[in-house]
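**Q** Just protein-v2.pdb, nothing more (PDB, C-alpha atoms and all ligand atoms):
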```pdb
ATOM      1  CA  MET A  13      -6.197  -0.186  49.989  1.00  0.00           C
ATOM      2  CA  CYS A  14      -8.993  -2.288  51.523  1.00  0.00           C
ATOM      3  CA  ILE A  15     -12.573  -2.067  50.304  1.00  0.00           C
ATOM      4  CA  PHE A  16     -13.800  -0.190  53.398  1.00  0.00           C
ATOM      5  CA  CYS A  17     -10.923   2.309  53.115  1.00  0.00           C
ATOM      6  CA  LYS A  18     -12.134   2.876  49.547  1.00  0.00           C
ATOM      7  CA  ILE A  19     -15.636   3.560  50.878  1.00  0.00           C
ATOM      8  CA  VAL A  20     -14.125   6.036  53.388  1.00  0.00           C
ATOM      9  CA  SER A  21     -12.264   7.844  50.589  1.00  0.00           C
ATOM     10  CA  LYS A  22     -15.447   7.680  48.406  1.00  0.00           C
ATOM     11  CA  GLU A  23     -13.545   5.782  45.733  1.00  0.00           C
ATOM     12  CA  ILE A  24     -16.379   3.292  45.727  1.00  0.00           C
ATOM     13  CA  PRO A  25     -19.975   4.195  46.551  1.00  0.00           C
ATOM     14  CA  ALA A  26     -21.969   3.105  49.585  1.00  0.00           C
ATOM     15  CA  LYS A  27     -25.275   4.075  51.139  1.00  0.00           C
ATOM     16  CA  ILE A  28     -23.756   6.153  53.927  1.00  0.00           C
ATOM     17  CA  ILE A  29     -26.219   6.824  56.739  1.00  0.00           C
ATOM     18  CA  TYR A  30     -23.855   8.558  59.166  1.00  0.00           C
ATOM     19  CA  GLU A  31     -20.377  10.055  59.002  1.00  0.00           C
ATOM     20  CA  ASP A  32     -18.190  12.159  61.252  1.00  0.00           C
ATOM     21  CA  GLU A  33     -14.477  12.909  61.494  1.00  0.00           C
ATOM     22  CA  ASP A  34     -13.478   9.473  62.781  1.00  0.00           C
ATOM     23  CA  THR A  35     -16.274   7.042  61.959  1.00  0.00           C
ATOM     24  CA  MET A  36     -18.696   6.073  59.226  1.00  0.00           C
ATOM     25  CA  ALA A  37     -21.837   3.930  58.935  1.00  0.00           C
ATOM     26  CA  PHE A  38     -23.239   2.523  55.696  1.00  0.00           C
ATOM     27  CA  LEU A  39     -25.721  -0.138  54.646  1.00  0.00           C
ATOM     28  CA  ASP A  40     -24.371  -3.645  54.102  1.00  0.00           C
ATOM     29  CA  ILE A  41     -24.308  -4.548  50.394  1.00  0.00           C
ATOM     30  CA  ASN A  42     -25.711  -7.991  51.211  1.00  0.00           C
ATOM     31  CA  PRO A  43     -28.105  -7.273  54.077  1.00  0.00           C
ATOM     32  CA  ARG A  44     -29.111 -10.081  56.420  1.00  0.00           C
ATOM     33  CA  ASN A  45     -32.152  -8.058  57.458  1.00  0.00           C
ATOM     34  CA  ARG A  46     -33.801  -4.720  56.715  1.00  0.00           C
ATOM     35  CA  GLY A  47     -31.472  -1.923  57.853  1.00  0.00           C
ATOM     36  CA  HIS A  48     -28.332  -4.082  58.220  1.00  0.00           C
ATOM     37  CA  THR A  49     -25.626  -1.462  58.769  1.00  0.00           C
ATOM     38  CA  LEU A  50     -21.840  -1.562  59.152  1.00  0.00           C
ATOM     39  CA  VAL A  51     -20.078   0.872  61.487  1.00  0.00           C
ATOM     40  CA  ILE A  52     -16.351   1.412  60.959  1.00  0.00           C
ATOM     41  CA  PRO A  53     -13.478   3.591  62.134  1.00  0.00           C
ATOM     42  CA  LYS A  54     -12.212   5.695  59.215  1.00  0.00           C
ATOM     43  CA  LYS A  55      -8.678   4.714  60.110  1.00  0.00           C
ATOM     44  CA  HIS A  56      -7.691   1.220  59.007  1.00  0.00           C
ATOM     45  CA  TYR A  57      -7.327  -1.338  61.797  1.00  0.00           C
ATOM     46  CA  GLU A  58      -7.635  -5.002  61.005  1.00  0.00           C
ATOM     47  CA  THR A  59      -8.941  -6.230  64.345  1.00  0.00           C
ATOM     48  CA  LEU A  60     -10.510  -4.775  67.467  1.00  0.00           C
ATOM     49  CA  ASP A  61      -7.490  -5.403  69.694  1.00  0.00           C
ATOM     50  CA  GLU A  62      -5.404  -3.060  67.487  1.00  0.00           C
ATOM     51  CA  MET A  63      -7.682  -0.106  68.226  1.00  0.00           C
ATOM     52  CA  PRO A  64      -6.798   2.460  70.886  1.00  0.00           C
ATOM     53  CA  ASP A  65      -9.434   2.835  73.626  1.00  0.00           C
ATOM     54  CA  GLU A  66     -10.351   6.369  72.496  1.00  0.00           C
ATOM     55  CA  GLU A  67     -11.112   5.123  68.983  1.00  0.00           C
ATOM     56  CA  MET A  68     -13.268   2.336  70.424  1.00  0.00           C
ATOM     57  CA  ALA A  69     -15.179   4.862  72.525  1.00  0.00           C
ATOM     58  CA  LYS A  70     -15.887   6.936  69.393  1.00  0.00           C
ATOM     59  CA  LEU A  71     -17.034   3.860  67.512  1.00  0.00           C
ATOM     60  CA  MET A  72     -19.406   2.901  70.340  1.00  0.00           C
ATOM     61  CA  LYS A  73     -20.895   6.410  70.304  1.00  0.00           C
ATOM     62  CA  THR A  74     -21.497   6.074  66.575  1.00  0.00           C
ATOM     63  CA  ILE A  75     -23.116   2.668  67.058  1.00  0.00           C
ATOM     64  CA  LYS A  76     -25.600   4.271  69.470  1.00  0.00           C
ATOM     65  CA  LYS A  77     -26.283   7.132  67.038  1.00  0.00           C
ATOM     66  CA  VAL A  78     -26.898   4.680  64.212  1.00  0.00           C
ATOM     67  CA  ILE A  79     -29.387   2.724  66.334  1.00  0.00           C
ATOM     68  CA  GLU A  80     -31.291   6.013  66.756  1.00  0.00           C
ATOM     69  CA  ILE A  81     -31.095   6.745  63.013  1.00  0.00           C
ATOM     70  CA  LEU A  82     -32.519   3.278  62.247  1.00  0.00           C
ATOM     71  CA  LYS A  83     -35.434   3.567  64.698  1.00  0.00           C
ATOM     72  CA  PRO A  84     -37.969   4.614  62.007  1.00  0.00           C
ATOM     73  CA  LEU A  85     -37.649   1.033  60.700  1.00  0.00           C
ATOM     74  CA  ASN A  86     -39.567  -0.041  63.822  1.00  0.00           C
ATOM     75  CA  PHE A  87     -37.346  -3.003  64.613  1.00  0.00           C
ATOM     76  CA  ASP A  88     -38.106  -5.008  67.744  1.00  0.00           C
ATOM     77  CA  GLY A  89     -34.476  -5.643  68.733  1.00  0.00           C
ATOM     78  CA  TYR A  90     -31.025  -5.802  67.227  1.00  0.00           C
ATOM     79  CA  ASN A  91     -27.799  -7.793  67.158  1.00  0.00           C
ATOM     80  CA  ILE A  92     -24.354  -6.194  67.253  1.00  0.00           C
ATOM     81  CA  VAL A  93     -21.798  -8.516  65.631  1.00  0.00           C
ATOM     82  CA  ASN A  94     -18.038  -8.067  65.291  1.00  0.00           C
ATOM     83  CA  ASN A  95     -15.891 -10.731  63.627  1.00  0.00           C
ATOM     84  CA  ASN A  96     -12.101 -10.776  63.990  1.00  0.00           C
ATOM     85  CA  LYS A  97      -9.907 -12.839  61.640  1.00  0.00           C
ATOM     86  CA  PRO A  98     -11.119 -15.232  58.921  1.00  0.00           C
ATOM     87  CA  VAL A  99     -11.461 -18.148  61.345  1.00  0.00           C
ATOM     88  CA  ALA A 100     -14.125 -16.064  63.116  1.00  0.00           C
ATOM     89  CA  GLY A 101     -15.880 -15.148  59.853  1.00  0.00           C
ATOM     90  CA  GLN A 102     -14.144 -11.831  59.085  1.00  0.00           C
ATOM     91  CA  GLU A 103     -14.206 -11.298  55.317  1.00  0.00           C
ATOM     92  CA  VAL A 104     -13.192  -7.631  55.194  1.00  0.00           C
ATOM     93  CA  PRO A 105      -9.948  -6.971  57.111  1.00  0.00           C
ATOM     94  CA  HIS A 106     -11.035  -3.528  58.398  1.00  0.00           C
ATOM     95  CA  VAL A 107     -12.738  -3.382  61.811  1.00  0.00           C
ATOM     96  CA  HIS A 108     -16.517  -3.198  61.484  1.00  0.00           C
ATOM     97  CA  PHE A 109     -19.525  -3.720  63.701  1.00  0.00           C
ATOM     98  CA  HIS A 110     -22.655  -5.154  62.130  1.00  0.00           C
ATOM     99  CA  ILE A 111     -25.869  -3.629  63.416  1.00  0.00           C
ATOM    100  CA  ILE A 112     -28.580  -6.069  62.456  1.00  0.00           C
ATOM    101  CA  PRO A 113     -32.126  -4.924  63.244  1.00  0.00           C
ATOM    102  CA  ARG A 114     -34.429  -7.757  64.309  1.00  0.00           C
ATOM    103  CA  TYR A 115     -38.150  -8.041  63.702  1.00  0.00           C
ATOM    104  CA  GLN A 116     -40.677 -10.398  65.281  1.00  0.00           C
ATOM    105  CA  ASN A 117     -40.528 -13.841  63.636  1.00  0.00           C
ATOM    106  CA  ASP A 118     -37.672 -12.896  61.276  1.00  0.00           C
ATOM    107  CA  GLY A 119     -36.165 -16.345  61.734  1.00  0.00           C
ATOM    108  CA  ASP A 120     -32.560 -17.428  61.624  1.00  0.00           C
ATOM    109  CA  VAL A 121     -30.901 -14.141  60.641  1.00  0.00           C
ATOM    110  CA  VAL A 122     -27.672 -14.182  62.654  1.00  0.00           C
TER     111      VAL A 122
HETATM  112  P1  LIG A 201     -17.555  -9.832  57.825  1.00  0.00           P
HETATM  113  O1  LIG A 201     -17.866 -11.208  57.360  1.00  0.00           O
HETATM  114  O2  LIG A 201     -16.160  -9.389  57.437  1.00  0.00           O
HETATM  115  O3  LIG A 201     -17.844  -9.615  59.291  1.00  0.00           O
HETATM  116  O4  LIG A 201     -18.596  -8.887  57.092  1.00  0.00           O
HETATM  117  C1  LIG A 201     -18.293  -8.160  55.945  1.00  0.00           C
HETATM  118  C2  LIG A 201     -19.579  -7.539  55.472  1.00  0.00           C
HETATM  119  O5  LIG A 201     -19.261  -6.540  54.541  1.00  0.00           O
HETATM  120  C3  LIG A 201     -20.528  -8.520  54.785  1.00  0.00           C
HETATM  121  O6  LIG A 201     -21.788  -8.513  55.454  1.00  0.00           O
HETATM  122  C4  LIG A 201     -20.638  -7.979  53.362  1.00  0.00           C
HETATM  123  O7  LIG A 201     -21.924  -8.090  52.817  1.00  0.00           O
HETATM  124  C5  LIG A 201     -20.212  -6.535  53.511  1.00  0.00           C
HETATM  125  N1  LIG A 201     -19.543  -5.974  52.349  1.00  0.00           N
HETATM  126  C6  LIG A 201     -18.503  -6.517  51.649  1.00  0.00           C
HETATM  127  N2  LIG A 201     -18.114  -5.720  50.654  1.00  0.00           N
HETATM  128  C7  LIG A 201     -18.915  -4.624  50.722  1.00  0.00           C
HETATM  129  C8  LIG A 201     -19.007  -3.428  49.932  1.00  0.00           C
HETATM  130  O8  LIG A 201     -18.264  -3.205  48.974  1.00  0.00           O
HETATM  131  N3  LIG A 201     -19.959  -2.534  50.281  1.00  0.00           N
HETATM  132  C9  LIG A 201     -20.801  -2.730  51.350  1.00  0.00           C
HETATM  133  N4  LIG A 201     -21.717  -1.779  51.604  1.00  0.00           N
HETATM  134  N5  LIG A 201     -20.744  -3.846  52.111  1.00  0.00           N
HETATM  135  C10 LIG A 201     -19.823  -4.777  51.795  1.00  0.00           C
HETATM  136 ZN    ZN A 202      -9.286  -0.423  55.487  1.00  0.00          ZN
END
```
Can you give me the file's structure in the form of structure tokens?
Ligand code: 5GP
Ligand code: ZN
**A**
Amino acid sequence: MCIFCKIVSKEIPAKIIYEDEDTMAFLDINPRNRGHTLVIPKKHYETLDEMPDEEMAKLMKTIKKVIEILKPLNFDGYNIVNNNKPVAGQEVPHVHFHIIPRYQNDGDVV
């Protein structure tokens, strides 16, 4: 089982900030900026192209919810990053979107 599937099944802990039937969002263990969050489908897909459209739509809804949840951090902008396959920088082979809040003058974060 992959590490994110283990987070879904609560076999390993994570700072979960949002969860519903199909999706989950938790803080990145090695944050690139304050509030760096990962949003995943609960079902295991390795890359984006494997995901049915309906699952993608659910994931996008969760991304928007998480941006709302993070708003008390008073970020000034944010990056959404999704890496597919090791050549593109994917380390965990379970689809995830990085939400990386950005703050004025925070430098070379992404
Ligand atoms: P990738 O390079 O695959 O796009 O990003 C994987 C991300 O997952 C990295 O930012 C890394 O810090 C994060 N990560 C890896 N293992 C764990 C873990 O066990 N828990 C949490 N919360 N994040 C993890
Ligand atoms: Zn998985």
**Q** Restricting the calculation to all atoms listed in the file, which member of A:Arg46, A:Lys77, A:Lys97, A:Lys70 is positioned closest to ligand LIG 201 (chain A)?
**A**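 Ranking A:Arg46, A:Lys77, A:Lys97, A:Lys70 by distance to ligand LIG 201 (chain A), first place goes to A:Lys97.
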**Q** Rank nothing, just name the residue among A:Val122, A:Val104, A:Met63, A:Met68 nearest to ligand LIG 201 (chain A), using all atoms listed in the file.
**A** A:Val104
**Q** So how far away is atom CA of Pro53 of chain A from atom CA of Ile41 of chain A, in Å?
**A** 17.9 Å
**Q** Quick one: which chain A residues come within 6 Å of ligand LIG 201 (chain A), and what is the nearest atom pair for each with the distance in Å to one decimal, counting all atoms listed in the file, rows ordered by chain and ascending number, as CSV?
**A**
```
residue,atom,partner,partner_atom,distance
A:Ile15,CA,A:LIG201,O8,6.0
A:Ala26,CA,A:LIG201,N4,5.3
A:Leu39,CA,A:LIG201,N4,5.3
A:Asp40,CA,A:LIG201,N4,4.1
A:Ile41,CA,A:LIG201,N4,4.0
A:Asn42,CA,A:LIG201,O7,4.1
A:Asn95,CA,A:LIG201,O3,4.9
A:Gly101,CA,A:LIG201,O1,5.1
A:Gln102,CA,A:LIG201,O2,3.6
A:Glu103,CA,A:LIG201,O2,3.5
A:Val104,CA,A:LIG201,O2,4.1
```
**Q** Identify which of the residues A:Val107, A:Ile81, A:Ala37, A:Leu50 lies closest to ligand ZN 202 (chain A), counting all atoms listed in the file when measuring atom-to-atom distances.
**A**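 For ligand ZN 202 (chain A), the nearest of the given residues is A:Val107.
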**Q** Distance atom CA of Thr74 of chain A-atom CA of Ser21 of chain A, one decimal place?
**A** 18.5 Å
**Q** Residues contacting ligand ZN 202 (chain A) - anything with an atom at most 9 Å away, using only C-alpha atoms and all ligand atoms - can you give me those as a list in words?
**A**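 Counting only what the definition allows, namely only C-alpha atoms and all ligand atoms, the set is Met13, Cys14, Ile15, Phe16, Cys17, Lys18, Ile19, Val20, Pro53, Lys54, Lys55, His56, Tyr57, Glu58, Val104, Pro105, His106 and Val107 of chain A.
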**Q** I'd like to see the residues matched by the PyMOL selection byres (((chain A and resi 75) around 9) and not hetatm) on this file, and ideally I'd get them as a ChimeraX atom specification.
**A** /A:37,51,70-74,76-80,92,109,111
**Q** Just the residues within 12 Å of Asn117 of chain A, please, counting only C-alpha atoms, with nothing from its chain fewer than 6 positions along; format it as an NGL selection string.
**A** :A and (45 or 87-89)
**Q** Mind giving me the axis-aligned box for segment 44-55 of chain A with 5 Å on every side, centre plus edges in Å to one decimal, as lines of an AutoDock Vina configuration file?
**A**
```
center_x = -21.2
center_y = -2.2
center_z = 59.3
size_x = 35.1
size_y = 25.8
size_z = 15.7
```
**Q** Atom CA of Arg114 of chain A to atom CA of Asn91 of chain A: how many Å, to one decimal?
**A** 7.2 Å
**Q** Restricting the calculation to only C-alpha atoms, which member of A:Thr49, A:Tyr90, A:Ala100, A:Ile29 is positioned closest to Val121 of chain A?
**A**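 Of all the options, A:Tyr90 lies closest to Val121 of chain A.
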**Q** Of the residues A:Pro113, A:Gly47, A:Pro98, A:Gly119, which is the one nearest to Thr59 of chain A, using only C-alpha atoms?
**A**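 Checking each of A:Pro113, A:Gly47, A:Pro98, A:Gly119 against Thr59 of chain A, counting only C-alpha atoms, the winner is A:Pro98.
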**Q** Which of these, A:Asp120, A:Phe38, A:Glu66, A:Tyr115, has the shortest distance to Lys83 of chain A once you count all atoms listed in the file?
**A** A:Tyr115
